[in-house]
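So this one's model11.cif, mmCIF, C-alpha atoms:
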data_coords
#
loop_
_atom_site.label_atom_id
_atom_site.label_comp_id
_atom_site.auth_asym_id
_atom_site.auth_seq_id
_atom_site.Cartn_x
_atom_site.Cartn_y
_atom_site.Cartn_z
CA MET A 279 -6.95 -18.79 9.16
CA PHE A 280 -3.79 -20.71 9.82
CA ILE A 281 -1.52 -21.08 6.89
CA GLY A 282 1.50 -23.19 6.18
CA MET A 283 2.50 -25.46 8.99
CA ILE A 284 6.13 -26.29 8.39
CA ARG A 285 7.59 -29.45 9.76
CA ARG A 286 11.16 -30.60 9.94
CA PRO A 287 11.65 -33.82 8.00
CA LYS A 288 12.47 -35.86 11.11
CA PRO A 289 10.89 -34.54 14.28
CA ARG A 290 12.94 -35.54 17.29
CA ASN A 291 10.05 -36.15 19.64
CA ALA A 292 7.39 -37.51 17.35
CA GLY A 293 4.76 -38.22 19.95
CA ARG A 294 5.56 -39.91 23.24
CA ILE A 295 3.70 -43.11 22.72
CA ASN A 296 5.46 -46.42 23.14
CA LYS A 297 4.21 -50.00 22.83
CA PHE A 298 3.68 -50.63 26.51
CA ASN A 299 2.25 -47.50 27.96
CA ILE A 300 0.54 -44.37 26.79
CA ILE A 301 1.88 -41.40 28.62
CA MET A 302 -0.53 -38.60 28.12
CA LYS A 303 -0.35 -35.09 29.35
CA VAL A 304 -3.52 -33.06 29.47
CA ALA A 305 -3.78 -29.28 29.81
CA ILE A 306 -6.79 -27.96 31.70
CA THR A 307 -7.58 -24.25 31.86
CA SER A 308 -8.08 -23.15 35.45
CA THR A 309 -9.25 -20.01 37.23
CA GLY A 310 -6.83 -20.61 40.14
CA SER A 311 -3.77 -22.46 41.28
CA THR A 312 -5.35 -25.31 43.29
CA SER A 313 -7.31 -28.42 42.34
CA ASP A 314 -10.42 -26.85 43.93
CA SER A 315 -10.28 -24.04 41.37
CA LYS A 316 -12.98 -23.93 38.74
CA LEU A 317 -12.42 -24.57 35.05
CA ASP A 318 -11.58 -21.32 33.26
CA PRO A 319 -13.98 -21.10 30.30
CA ARG A 320 -11.46 -19.21 28.16
CA PHE A 321 -8.51 -20.97 26.60
CA GLY A 322 -6.05 -18.29 25.42
CA ARG A 323 -6.72 -15.91 28.30
CA CYS A 324 -7.27 -18.34 31.16
CA SER A 325 -5.60 -17.61 34.52
CA TYR A 326 -3.72 -20.90 34.91
CA PHE A 327 -2.94 -24.02 32.96
CA VAL A 328 -2.95 -27.30 34.82
CA ILE A 329 -0.67 -29.85 33.17
CA TYR A 330 -1.99 -33.20 34.33
CA ASP A 331 -0.06 -36.39 33.68
CA THR A 332 -2.54 -39.27 33.37
CA ASP A 333 0.23 -41.74 34.07
CA THR A 334 1.85 -40.34 37.21
CA ARG A 335 -1.30 -38.37 38.17
CA GLU A 336 0.86 -35.37 38.87
CA MET A 337 -0.50 -31.88 38.46
CA GLU A 338 1.54 -28.85 37.58
CA PHE A 339 0.01 -25.36 37.75
CA ILE A 340 1.40 -22.77 35.36
CA ARG A 341 0.36 -19.13 35.47
CA ASN A 342 -0.71 -18.17 31.93
CA PRO A 343 1.82 -15.65 30.61
CA ASN A 344 -0.51 -14.75 27.73
CA LYS A 345 -3.53 -13.77 29.83
CA ASP A 346 -3.17 -10.06 29.06
CA ALA A 347 -1.62 -10.29 25.59
CA THR A 348 -2.92 -7.55 23.30
CA GLU A 349 -3.28 -9.97 20.43
CA GLY A 350 -2.76 -13.61 19.66
CA ALA A 351 -3.28 -14.99 23.18
CA GLY A 352 -4.71 -18.18 21.64
CA PRO A 353 -1.73 -19.23 19.48
CA ALA A 354 0.72 -18.12 22.21
CA SER A 355 -1.10 -20.32 24.71
CA VAL A 356 -1.02 -23.24 22.29
CA GLN A 357 2.74 -22.77 22.24
CA THR A 358 2.83 -22.70 26.06
CA VAL A 359 1.02 -26.02 26.43
CA ALA A 360 2.32 -27.73 23.28
CA SER A 361 5.90 -27.16 24.44
CA ARG A 362 5.00 -29.35 27.42
CA ASN A 363 3.98 -32.21 25.14
CA VAL A 364 0.32 -31.99 25.93
CA LYS A 365 -1.85 -34.29 23.81
CA LYS A 366 -5.22 -32.96 24.90
CA ILE A 367 -6.61 -29.64 26.10
CA ILE A 368 -9.72 -29.22 28.21
CA SER A 369 -11.30 -25.79 28.31
CA GLY A 370 -14.62 -24.01 27.98
CA GLU A 371 -14.15 -22.93 24.39
CA PHE A 372 -11.60 -22.71 21.60
CA GLY A 373 -11.23 -19.74 19.24
CA THR A 374 -11.16 -20.04 15.46
CA LYS A 375 -7.48 -19.09 15.11
CA ILE A 376 -6.25 -22.04 17.12
CA ARG A 377 -8.45 -24.90 15.96
CA SER A 378 -6.51 -25.61 12.78
CA LEU A 379 -3.28 -25.06 14.69
CA LEU A 380 -4.21 -27.68 17.28
CA ASP A 381 -5.43 -30.05 14.57
CA SER A 382 -2.11 -29.85 12.76
CA LEU A 383 -0.27 -30.51 16.01
CA GLY A 384 -2.48 -33.50 16.71
CA ILE A 385 -3.69 -32.06 20.00
CA GLU A 386 -7.21 -33.03 20.95
CA MET A 387 -9.68 -30.35 22.10
CA THR A 388 -12.39 -31.03 24.65
CA ALA A 389 -14.86 -28.27 25.46
CA ILE A 390 -16.67 -28.52 28.77
CA ARG A 391 -19.60 -26.15 28.94
CA ASP A 392 -20.05 -26.42 32.71
CA PRO A 393 -18.16 -23.57 34.41
CA GLU A 394 -18.95 -25.01 37.86
CA LYS A 395 -16.66 -28.01 37.31
CA SER A 396 -13.52 -27.93 39.42
CA ILE A 397 -10.11 -29.16 38.31
CA SER A 398 -10.40 -32.23 40.58
CA ASP A 399 -13.83 -33.01 39.05
CA ILE A 400 -12.28 -32.94 35.59
CA VAL A 401 -9.31 -35.05 36.63
CA GLU A 402 -11.78 -37.59 38.02
CA MET A 403 -13.67 -37.60 34.73
CA LEU A 404 -10.37 -38.32 32.94
CA GLY A 405 -9.74 -41.28 35.20
CA GLN A 406 -13.11 -42.81 34.29
CA GLN A 407 -12.44 -42.71 30.55
CA MET B 76 -5.84 23.47 0.75
CA ILE B 77 -8.03 22.64 3.68
CA LYS B 78 -9.00 19.13 4.67
CA ILE B 79 -12.41 18.76 6.28
CA ALA B 80 -13.33 15.39 7.77
CA ILE B 81 -17.00 14.49 8.12
CA ALA B 82 -17.34 12.17 11.09
CA SER B 83 -19.75 10.96 13.75
CA GLY B 84 -19.59 8.58 16.62
CA LYS B 85 -22.86 6.96 15.74
CA GLY B 86 -23.37 5.23 12.40
CA GLY B 87 -26.28 6.29 10.23
CA THR B 88 -26.36 9.93 11.30
CA GLY B 89 -25.62 11.16 7.78
CA LYS B 90 -21.84 11.43 7.34
CA THR B 91 -21.90 10.28 3.75
CA PHE B 92 -25.07 12.29 3.11
CA VAL B 93 -23.27 15.46 4.22
CA SER B 94 -19.95 14.56 2.52
CA THR B 95 -21.46 13.81 -0.87
CA ASN B 96 -23.69 16.87 -0.83
CA ILE B 97 -20.88 19.22 0.18
CA PHE B 98 -18.68 17.75 -2.55
CA TYR B 99 -21.46 18.18 -5.08
CA ALA B 100 -22.11 21.79 -4.00
CA LEU B 101 -18.40 22.63 -4.20
CA THR B 102 -17.86 21.08 -7.62
CA ARG B 103 -20.98 22.86 -8.93
CA GLU B 104 -19.31 26.13 -8.00
CA ASN B 105 -16.18 24.92 -9.81
CA ILE B 106 -14.21 24.91 -6.58
CA SER B 107 -11.37 22.43 -7.00
CA SER B 108 -12.26 19.60 -4.59
CA VAL B 109 -11.42 16.06 -3.64
CA LEU B 110 -13.74 13.60 -1.94
CA ALA B 111 -12.04 10.75 -0.10
CA ASP B 112 -14.18 7.86 1.10
CA CYS B 113 -12.24 6.69 4.15
CA ASP B 114 -14.96 4.31 5.34
CA ALA B 115 -12.87 1.46 3.93
CA GLU B 116 -15.02 -1.25 5.49
CA ALA B 117 -18.11 -0.11 3.59
CA PRO B 118 -17.22 2.56 1.02
CA ASN B 119 -20.24 3.89 -0.87
CA VAL B 120 -19.69 7.48 -2.02
CA LEU B 121 -19.10 6.30 -5.58
CA SER B 122 -22.73 5.25 -5.82
CA PHE B 123 -23.75 8.93 -5.73
CA PHE B 124 -21.59 10.17 -8.60
CA ARG B 125 -21.04 9.25 -12.20
CA THR B 126 -17.27 8.97 -12.31
CA VAL B 127 -14.51 7.58 -14.51
CA ARG B 128 -11.97 5.27 -12.89
CA LYS B 129 -8.43 6.54 -13.45
CA GLU B 130 -6.18 4.56 -11.14
CA THR B 131 -6.24 1.58 -8.83
CA HIS B 132 -3.51 0.92 -6.30
CA GLU B 133 -3.29 -2.30 -4.40
CA VAL B 134 -2.46 -1.94 -0.71
CA VAL B 135 -0.34 -4.76 0.67
CA GLN B 136 1.49 -5.52 3.82
CA HIS B 137 4.48 -7.80 4.03
CA VAL B 138 4.26 -11.03 5.97
CA PRO B 139 7.24 -13.25 6.75
CA VAL B 140 7.98 -16.51 4.98
CA ILE B 141 10.23 -18.82 6.94
CA ASP B 142 12.70 -21.09 5.18
CA VAL B 143 12.73 -24.01 7.58
CA SER B 144 15.95 -25.44 6.09
CA LYS B 145 17.81 -22.32 7.24
CA CYS B 146 15.98 -21.95 10.55
CA THR B 147 17.92 -22.89 13.68
CA PHE B 148 14.87 -22.55 15.95
CA CYS B 149 16.67 -19.93 18.01
CA GLY B 150 13.32 -18.28 18.72
CA LYS B 151 14.50 -14.72 18.24
CA CYS B 152 11.83 -13.89 15.64
CA HIS B 153 9.15 -15.08 18.02
CA GLU B 154 10.67 -12.98 20.78
CA TYR B 155 10.71 -9.86 18.56
CA CYS B 156 7.10 -10.33 17.44
CA ASN B 157 4.77 -8.14 19.46
CA TYR B 158 1.64 -9.78 18.09
CA ASN B 159 2.22 -13.50 18.73
CA ALA B 160 2.21 -14.08 14.98
CA ILE B 161 5.09 -16.56 14.98
CA PHE B 162 4.39 -19.98 16.39
CA ILE B 163 7.44 -21.99 17.29
CA LEU B 164 7.94 -25.37 18.95
CA PRO B 165 11.70 -26.02 18.85
CA PRO B 166 11.67 -29.63 20.14
CA SER B 167 9.18 -30.67 17.45
CA GLY B 168 10.85 -28.63 14.73
CA ILE B 169 7.73 -26.64 14.07
CA ILE B 170 7.72 -22.98 13.15
CA SER B 171 4.95 -21.13 11.36
CA VAL B 172 3.50 -17.72 10.70
CA ILE B 173 -0.05 -16.87 11.70
CA GLU B 174 -0.70 -14.35 8.96
CA ASP B 175 -3.93 -13.05 10.51
CA LEU B 176 -1.99 -11.79 13.50
CA CYS B 177 0.89 -10.26 11.55
CA HIS B 178 1.03 -6.46 11.46
CA GLY B 179 3.75 -6.43 8.80
CA CYS B 180 6.22 -4.56 11.00
CA GLY B 181 9.22 -6.53 9.74
CA ALA B 182 10.78 -7.02 13.18
CA CYS B 183 11.16 -10.77 12.62
CA SER B 184 13.23 -10.22 9.47
CA VAL B 185 15.52 -7.95 11.46
CA ALA B 186 15.71 -10.48 14.29
CA CYS B 187 16.72 -13.43 12.11
CA GLU B 188 20.48 -13.86 11.90
CA TYR B 189 20.31 -16.88 9.60
CA ASP B 190 18.59 -15.39 6.51
CA ALA B 191 15.69 -17.74 7.07
CA ILE B 192 13.03 -15.05 6.80
CA THR B 193 11.94 -13.45 3.55
CA GLU B 194 8.76 -11.49 3.01
CA LYS B 195 5.83 -11.87 0.70
CA PRO B 196 3.07 -9.37 -0.05
CA PHE B 197 -0.29 -9.92 1.60
CA PRO B 198 -3.13 -7.92 -0.03
CA LEU B 199 -5.18 -5.72 2.30
CA GLY B 200 -7.32 -3.75 -0.12
CA ASN B 201 -7.35 -1.14 -2.84
CA VAL B 202 -7.31 2.59 -3.29
CA ASN B 203 -9.42 3.51 -6.30
CA ILE B 204 -9.16 6.96 -7.81
CA SER B 205 -11.92 8.19 -10.10
CA LEU B 206 -12.69 11.56 -11.62
CA TYR B 207 -16.00 13.35 -11.28
CA ASN B 208 -16.82 15.80 -14.08
CA ASN B 209 -13.40 15.01 -15.48
CA SER B 210 -11.66 17.16 -12.90
CA HIS B 211 -12.54 16.36 -9.28
CA PRO B 212 -10.96 13.21 -7.83
CA VAL B 213 -13.05 10.80 -5.78
CA ILE B 214 -10.70 8.54 -3.82
CA GLU B 215 -12.09 5.33 -2.45
CA ALA B 216 -10.41 3.25 0.27
CA ARG B 217 -11.72 -0.30 0.01
CA MET B 218 -10.37 -3.06 2.21
CA ASN B 219 -10.62 -6.75 1.42
CA THR B 220 -13.03 -9.05 3.21
CA GLY B 221 -11.55 -10.72 6.27
CA ILE B 222 -8.88 -8.10 6.98
CA MET B 223 -8.79 -7.06 10.61
CA SER B 224 -8.02 -3.35 10.40
CA PRO B 225 -8.73 -0.83 7.64
CA VAL B 226 -6.14 1.65 8.96
CA ARG B 227 -3.42 0.89 6.41
CA VAL B 228 -5.82 1.16 3.48
CA ILE B 229 -7.13 4.49 4.82
CA LYS B 230 -3.60 5.77 5.27
CA GLU B 231 -2.74 4.83 1.70
CA ALA B 232 -5.91 6.54 0.38
CA LEU B 233 -5.00 9.74 2.23
CA ARG B 234 -1.53 9.61 0.70
CA HIS B 235 -3.08 9.93 -2.76
CA ILE B 236 -4.72 13.31 -2.09
CA ARG B 237 -3.19 15.83 -4.45
CA HIS B 238 -2.23 19.12 -2.95
CA GLU B 239 -3.62 21.30 -5.73
CA ALA B 240 -7.18 20.89 -4.53
CA GLU B 241 -8.73 23.77 -2.63
CA ILE B 242 -11.01 21.71 -0.41
CA VAL B 243 -10.66 18.05 0.51
CA ILE B 244 -13.64 16.28 2.05
CA LEU B 245 -12.82 13.15 4.05
CA ASP B 246 -15.81 10.89 4.63
CA SER B 247 -14.75 9.25 7.89
CA PRO B 248 -15.57 5.75 9.14
CA PRO B 249 -18.06 5.64 12.05
CA GLY B 250 -17.04 5.20 15.66
CA THR B 251 -14.16 6.74 17.57
CA SER B 252 -11.52 4.02 17.24
CA CYS B 253 -8.37 3.72 15.08
CA PRO B 254 -10.01 4.11 11.61
CA PHE B 255 -11.75 7.31 12.77
CA ILE B 256 -8.58 8.63 14.40
CA GLN B 257 -6.49 7.84 11.32
CA THR B 258 -8.90 9.89 9.21
CA VAL B 259 -9.52 12.89 11.46
CA SER B 260 -5.86 13.22 12.45
CA GLN B 261 -5.22 14.26 8.84
CA ALA B 262 -7.96 16.92 8.87
CA ASP B 263 -7.72 20.64 9.55
CA TYR B 264 -11.32 20.66 10.69
CA VAL B 265 -13.86 18.00 11.63
CA ILE B 266 -17.59 18.28 11.07
CA LEU B 267 -19.38 15.94 13.46
CA VAL B 268 -22.75 14.90 12.12
CA THR B 269 -25.21 13.88 14.80
CA GLU B 270 -28.91 13.37 15.27
CA PRO B 271 -30.95 14.83 18.15
CA THR B 272 -31.53 11.50 19.90
CA PRO B 273 -30.05 10.03 23.10
CA PHE B 274 -27.90 7.68 20.97
CA GLY B 275 -26.74 10.57 18.84
CA LEU B 276 -25.81 12.59 21.90
CA SER B 277 -24.01 9.72 23.64
CA ASP B 278 -21.81 9.04 20.63
CA LEU B 279 -21.34 12.75 19.92
CA ARG B 280 -19.95 13.13 23.43
CA GLN B 281 -17.44 10.34 22.80
CA SER B 282 -16.37 11.94 19.52
CA VAL B 283 -15.99 15.35 21.15
CA GLU B 284 -13.90 13.88 23.98
CA THR B 285 -11.69 12.04 21.48
CA LEU B 286 -11.21 15.10 19.26
CA ARG B 287 -10.36 17.25 22.28
CA THR B 288 -7.51 14.92 23.24
CA MET B 289 -6.22 15.41 19.69
CA ASP B 290 -6.57 19.21 19.77
CA SER B 291 -8.75 19.06 16.67
CA LYS B 292 -10.96 21.93 15.53
CA PHE B 293 -14.53 20.84 15.10
CA GLY B 294 -18.18 21.84 14.84
CA VAL B 295 -21.47 20.00 14.62
CA ILE B 296 -24.21 19.52 12.05
CA ILE B 297 -27.48 18.23 13.46
CA ASN B 298 -29.13 16.02 10.88
CA LYS B 299 -32.74 14.82 11.10
CA ALA B 300 -33.63 17.85 13.21
CA GLY B 301 -37.19 17.67 14.51
CA MET B 302 -36.96 14.14 15.84
CA GLY B 303 -35.82 13.26 19.36
CA ASN B 304 -35.32 16.03 21.87
CA ASN B 305 -33.36 19.19 22.62
CA ASP B 306 -30.51 17.60 24.60
CA VAL B 307 -27.93 17.78 21.80
CA ARG B 308 -28.49 21.54 21.38
CA GLU B 309 -28.20 22.10 25.11
CA TYR B 310 -25.02 20.03 25.22
CA LEU B 311 -23.46 22.07 22.40
CA LYS B 312 -24.40 25.33 24.12
CA LYS B 313 -22.98 24.16 27.43
CA GLU B 314 -19.72 22.96 25.83
CA GLY B 315 -19.40 26.03 23.60
CA ILE B 316 -19.31 23.94 20.41
CA ASP B 317 -20.24 25.54 17.06
CA LEU B 318 -23.57 24.39 15.67
CA LEU B 319 -22.88 24.74 11.95
CA LEU B 320 -26.21 23.69 10.49
CA GLU B 321 -29.45 21.88 11.22
CA ILE B 322 -30.86 19.70 8.49
CA PRO B 323 -34.55 19.01 9.08
CA TYR B 324 -35.74 15.43 9.04
CA SER B 325 -37.86 14.71 6.03
CA ARG B 326 -39.10 11.55 4.41
CA GLU B 327 -38.44 13.02 0.98
CA THR B 328 -34.77 13.61 1.81
CA ALA B 329 -34.41 10.05 3.06
CA GLY B 330 -36.16 8.74 -0.07
CA LEU B 331 -33.92 10.78 -2.34
CA TYR B 332 -30.79 9.58 -0.56
CA SER B 333 -31.76 5.94 -0.66
CA ALA B 334 -32.34 6.29 -4.41
CA GLY B 335 -28.69 7.37 -4.71
CA ARG B 336 -29.52 11.00 -5.42
CA LEU B 337 -28.22 14.20 -3.89
CA LEU B 338 -30.42 16.68 -2.05
CA ALA B 339 -28.15 19.56 -3.07
CA GLU B 340 -28.93 18.76 -6.70
CA ALA B 341 -32.68 18.69 -6.15
CA ASP B 342 -32.71 21.62 -3.73
CA GLU B 343 -30.32 24.42 -4.56
CA SER B 344 -30.90 26.24 -1.27
CA PHE B 345 -29.54 23.20 0.60
CA GLY B 346 -26.38 23.32 -1.49
CA LYS B 347 -26.07 27.02 -0.64
CA GLN B 348 -26.37 26.25 3.09
CA LEU B 349 -23.56 23.71 2.84
CA LEU B 350 -21.39 26.20 0.94
CA ASN B 351 -21.98 28.70 3.72
CA VAL B 352 -20.73 26.12 6.20
CA THR B 353 -17.55 25.43 4.22
CA GLU B 354 -17.00 29.18 3.73
CA TYR B 355 -17.31 29.68 7.47
CA ILE B 356 -14.79 26.88 8.11
CA THR B 357 -12.26 27.96 5.48
CA GLY B 358 -12.60 31.58 6.60
CA LYS B 359 -11.92 30.70 10.20
CA TYR B 360 -9.45 27.81 9.89
CA GLY B 361 -8.40 27.78 6.23
CA ASN B 362 -4.97 29.33 6.06
CA SER B 363 -3.55 29.30 9.55
CA ASN B 364 -3.96 25.59 10.00
CA SER B 365 -3.37 24.10 6.59
CA GLN B 366 0.16 22.95 7.37
CA ARG B 367 -0.97 19.96 9.44
#
As structure tokens, what does this structure read like?
Amino acid sequence: MFIGMIRRPKPRNAGRINKFNIIMKVAITSTGSTSDSKLDPRFGRCSYFVIYDTDTREMEFIRNPNKDATEGAGPASVQTVASRNVKKIISGEFGTKIRSLLDSLGIEMTAIRDPEKSISDIVEMLGQQ
Amino acid sequence: MIKIAIASGKGGTGKTFVSTNIFYALTRENISSVLADCDAEAPNVLSFFRTVRKETHEVVQHVPVIDVSKCTFCGKCHEYCNYNAIFILPPSGIISVIEDLCHGCGACSVACEYDAITEKPFPLGNVNISLYNNSHPVIEARMNTGIMSPVRVIKEALRHIRHEAEIVILDSPPGTSCPFIQTVSQADYVILVTEPTPFGLSDLRQSVETLRTMDSKFGVIINKAGMGNNDVREYLKKEGIDLLLEIPYSRETAGLYSAGRLLAEADESFGKQLLNVTEYITGKYGNSNSQR
């Protein structure tokens, strides 16, 4: 259960959407550090996060610092990706502790149940949307 | 005073059966005793005794409350937290406490240099103290639904044991993890209750290995003797572990127990056998070890 989200009255970076263009960053959980790597089915304890910018089509691979956390890997990983202004997360599954957290941050969750999908497959799927 | 924990790796071997019957046998002999139900996730010893509730103590832990108007988003509380219980996004001005993850250690309050963190109580469970026959305390550790670990509630229950009692029986939680360790670490002697089945043996082994790392004194009661095979007995012989008692499997015993009755009440010779076991333990370990 997630209790008591506290917000400053005037957030400095309230979204990054402007009238002309929607810049969206997507986090994808990955088993490795290349675009051939497969989707990591776990969110909080995935090996890598791919931060994909749908506008510039750039990919950044970040090693997950929370992979071996004793507790709270989920919320810590939300912090890792949310601090990079991600608006959507693609993973295999999302734990109960982080769903309300992501909802309150306005970050969309997409669960892909196919562990054979590679990062480039998923990026391609994003392009078709 | 001697504290005897009744434990088992496997659930359903008869820990509570043995605990309640020993307690009954002791109190019948007017030996000053305490029974502590440390199985805080599913306490049930009170269903075997007519008792009068004397005290209830709420067990709380303290979780941080963050005053966002004082917070500078320096991130030090998050850095101090070993359990990822503080979520902070400085650019968005978001900081929050994930209470489920908080262990109540208070490190964040120490970390905060801006007085932004105060603490509020978060209820974990209760310790209920009742009296049996108006003189023998039955202490129940009962944790609230949805709490992750019963350890704090068990610890608090153990704190309420009065030192006047001659014999304290600790009904341990099953398994060999933290709740079990919290309970048996307080005991001068551990009775492991097992059953003569492959499951019983496998979990008995784990319990024995755990207790040996803790330098605990222990012996074994085989419950439901007659079922399964001889492997548990052979294991005990090989390891040089005391076999304290064998309780034969019987449908009548199981029936009696499930009706909330005590075998030692219905069968005096069983009560006598249990008293012999406690006499053996107190004789061998009673005085030398009671300082722990």
As a check of understanding: the span from CA of Leu206 in chain B to CA of Gly221 in chain B is 28.6 Å
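Closest to Thr334 in chain A among A:Asp399, A:Ala347, A:Thr388, A:Lys303 is A:Lys303, based on only C-alpha atoms.
Across the structure, CA of Asn96 in chain B and CA of Phe345 in chain B are spaced 8.7 Å apart.
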*Residue list as a PyMOL selection string for point (2.8, -10.0, 0.9), cut-off 12 Å, all atoms listed in the file*: chain B and resi 133-140+174+177-181+193-200
Include C-alpha atoms and write out the residues we just selected as a PDB file, in the frame of the given file.
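What landed in selection-v3.pdb:
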ATOM      1  CA  GLU B 133      -3.290  -2.300  -4.400  1.00  0.00           C
ATOM      2  CA  VAL B 134      -2.460  -1.940  -0.710  1.00  0.00           C
ATOM      3  CA  VAL B 135      -0.340  -4.760   0.670  1.00  0.00           C
ATOM      4  CA  GLN B 136       1.490  -5.520   3.820  1.00  0.00           C
ATOM      5  CA  HIS B 137       4.480  -7.800   4.030  1.00  0.00           C
ATOM      6  CA  VAL B 138       4.260 -11.030   5.970  1.00  0.00           C
ATOM      7  CA  PRO B 139       7.240 -13.250   6.750  1.00  0.00           C
ATOM      8  CA  VAL B 140       7.980 -16.510   4.980  1.00  0.00           C
ATOM      9  CA  GLU B 174      -0.700 -14.350   8.960  1.00  0.00           C
ATOM     10  CA  CYS B 177       0.890 -10.260  11.550  1.00  0.00           C
ATOM     11  CA  HIS B 178       1.030  -6.460  11.460  1.00  0.00           C
ATOM     12  CA  GLY B 179       3.750  -6.430   8.800  1.00  0.00           C
ATOM     13  CA  CYS B 180       6.220  -4.560  11.000  1.00  0.00           C
ATOM     14  CA  GLY B 181       9.220  -6.530   9.740  1.00  0.00           C
ATOM     15  CA  THR B 193      11.940 -13.450   3.550  1.00  0.00           C
ATOM     16  CA  GLU B 194       8.760 -11.490   3.010  1.00  0.00           C
ATOM     17  CA  LYS B 195       5.830 -11.870   0.700  1.00  0.00           C
ATOM     18  CA  PRO B 196       3.070  -9.370  -0.050  1.00  0.00           C
ATOM     19  CA  PHE B 197      -0.290  -9.920   1.600  1.00  0.00           C
ATOM     20  CA  PRO B 198      -3.130  -7.920  -0.030  1.00  0.00           C
ATOM     21  CA  LEU B 199      -5.180  -5.720   2.300  1.00  0.00           C
ATOM     22  CA  GLY B 200      -7.320  -3.750  -0.120  1.00  0.00           C
TER      23      GLY B 200
END
Handout entry: Residues selected by the PyMOL selection byres ((chain A and resi 349) around 7), written as a PyMOL selection string
Key = (chain A and resi 347-348+350-351) or (chain B and resi 158-159)
Could you turn the residues from that selection into a file that holds C-alpha atoms, as an mmCIF file, in the coordinates of the input?
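As written to disk, again.cif reads:
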data_model
loop_
_atom_site.group_PDB
_atom_site.id
_atom_site.type_symbol
_atom_site.label_atom_id
_atom_site.label_comp_id
_atom_site.auth_asym_id
_atom_site.auth_seq_id
_atom_site.Cartn_x
_atom_site.Cartn_y
_atom_site.Cartn_z
ATOM 1 C CA ALA A 347 -1.620 -10.290 25.590
ATOM 2 C CA THR A 348 -2.920 -7.550 23.300
ATOM 3 C CA GLY A 350 -2.760 -13.610 19.660
ATOM 4 C CA ALA A 351 -3.280 -14.990 23.180
ATOM 5 C CA TYR B 158 1.640 -9.780 18.090
ATOM 6 C CA ASN B 159 2.220 -13.500 18.730
#
Item to complete: Specify as an MDAnalysis selection string all residues of chain B found within 7 Å of chain A, counting only C-alpha atoms.
Response: chainID B and resid 158:160 162:164 166:171 173 175:176
From CA of Ser369 in chain A to CA of Ser313 in chain A the spacing works out at 14.8 Å
Written as an MDAnalysis selection string, what is the full residue list that the PyMOL selection byres ((chain B and resi 98) around 9) yields on the file shown?
chainID B and resid 93:97 99:103 108:110 242:244
Report task. Taking the file above as input, evaluate the PyMOL selection byres ((chain B and resi 295) around 6) and report the hits as JSON, numbers by chain. Result -> {"B": [266, 267, 268, 294, 296, 318, 319]}
Is it possible to add N, CA and C atoms to range 350-361 of chain A and hand it back as an mmCIF file, keeping the file's coordinate frame?
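Final output, saved to part_13.cif:
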data_model
loop_
_atom_site.group_PDB
_atom_site.id
_atom_site.type_symbol
_atom_site.label_atom_id
_atom_site.label_comp_id
_atom_site.auth_asym_id
_atom_site.auth_seq_id
_atom_site.Cartn_x
_atom_site.Cartn_y
_atom_site.Cartn_z
ATOM 1 N N GLY A 350 -3.352 -12.294 19.868
ATOM 2 C CA GLY A 350 -2.760 -13.610 19.660
ATOM 3 C C GLY A 350 -2.552 -14.427 20.931
ATOM 4 N N ALA A 351 -3.405 -14.208 21.938
ATOM 5 C CA ALA A 351 -3.280 -14.990 23.180
ATOM 6 C C ALA A 351 -3.495 -16.473 22.890
ATOM 7 N N GLY A 352 -4.395 -16.782 21.960
ATOM 8 C CA GLY A 352 -4.710 -18.180 21.640
ATOM 9 C C GLY A 352 -3.490 -18.941 21.139
ATOM 10 N N PRO A 353 -2.903 -18.526 19.997
ATOM 11 C CA PRO A 353 -1.730 -19.230 19.480
ATOM 12 C C PRO A 353 -0.560 -19.252 20.479
ATOM 13 N N ALA A 354 -0.377 -18.146 21.232
ATOM 14 C CA ALA A 354 0.720 -18.120 22.210
ATOM 15 C C ALA A 354 0.477 -19.154 23.306
ATOM 16 N N SER A 355 -0.797 -19.323 23.685
ATOM 17 C CA SER A 355 -1.100 -20.320 24.710
ATOM 18 C C SER A 355 -0.961 -21.734 24.183
ATOM 19 N N VAL A 356 -1.251 -21.922 22.894
ATOM 20 C CA VAL A 356 -1.020 -23.240 22.290
ATOM 21 C C VAL A 356 0.471 -23.563 22.418
ATOM 22 N N GLN A 357 1.294 -22.575 22.139
ATOM 23 C CA GLN A 357 2.740 -22.770 22.240
ATOM 24 C C GLN A 357 3.139 -23.126 23.678
ATOM 25 N N THR A 358 2.536 -22.433 24.651
ATOM 26 C CA THR A 358 2.830 -22.700 26.060
ATOM 27 C C THR A 358 2.533 -24.160 26.421
ATOM 28 N N VAL A 359 1.366 -24.655 26.033
ATOM 29 C CA VAL A 359 1.020 -26.020 26.430
ATOM 30 C C VAL A 359 1.656 -27.069 25.513
ATOM 31 N N ALA A 360 1.758 -26.740 24.208
ATOM 32 C CA ALA A 360 2.320 -27.730 23.280
ATOM 33 C C ALA A 360 3.797 -27.983 23.589
ATOM 34 N N SER A 361 4.491 -26.968 24.114
ATOM 35 C CA SER A 361 5.900 -27.160 24.440
ATOM 36 C C SER A 361 6.063 -28.089 25.641
#
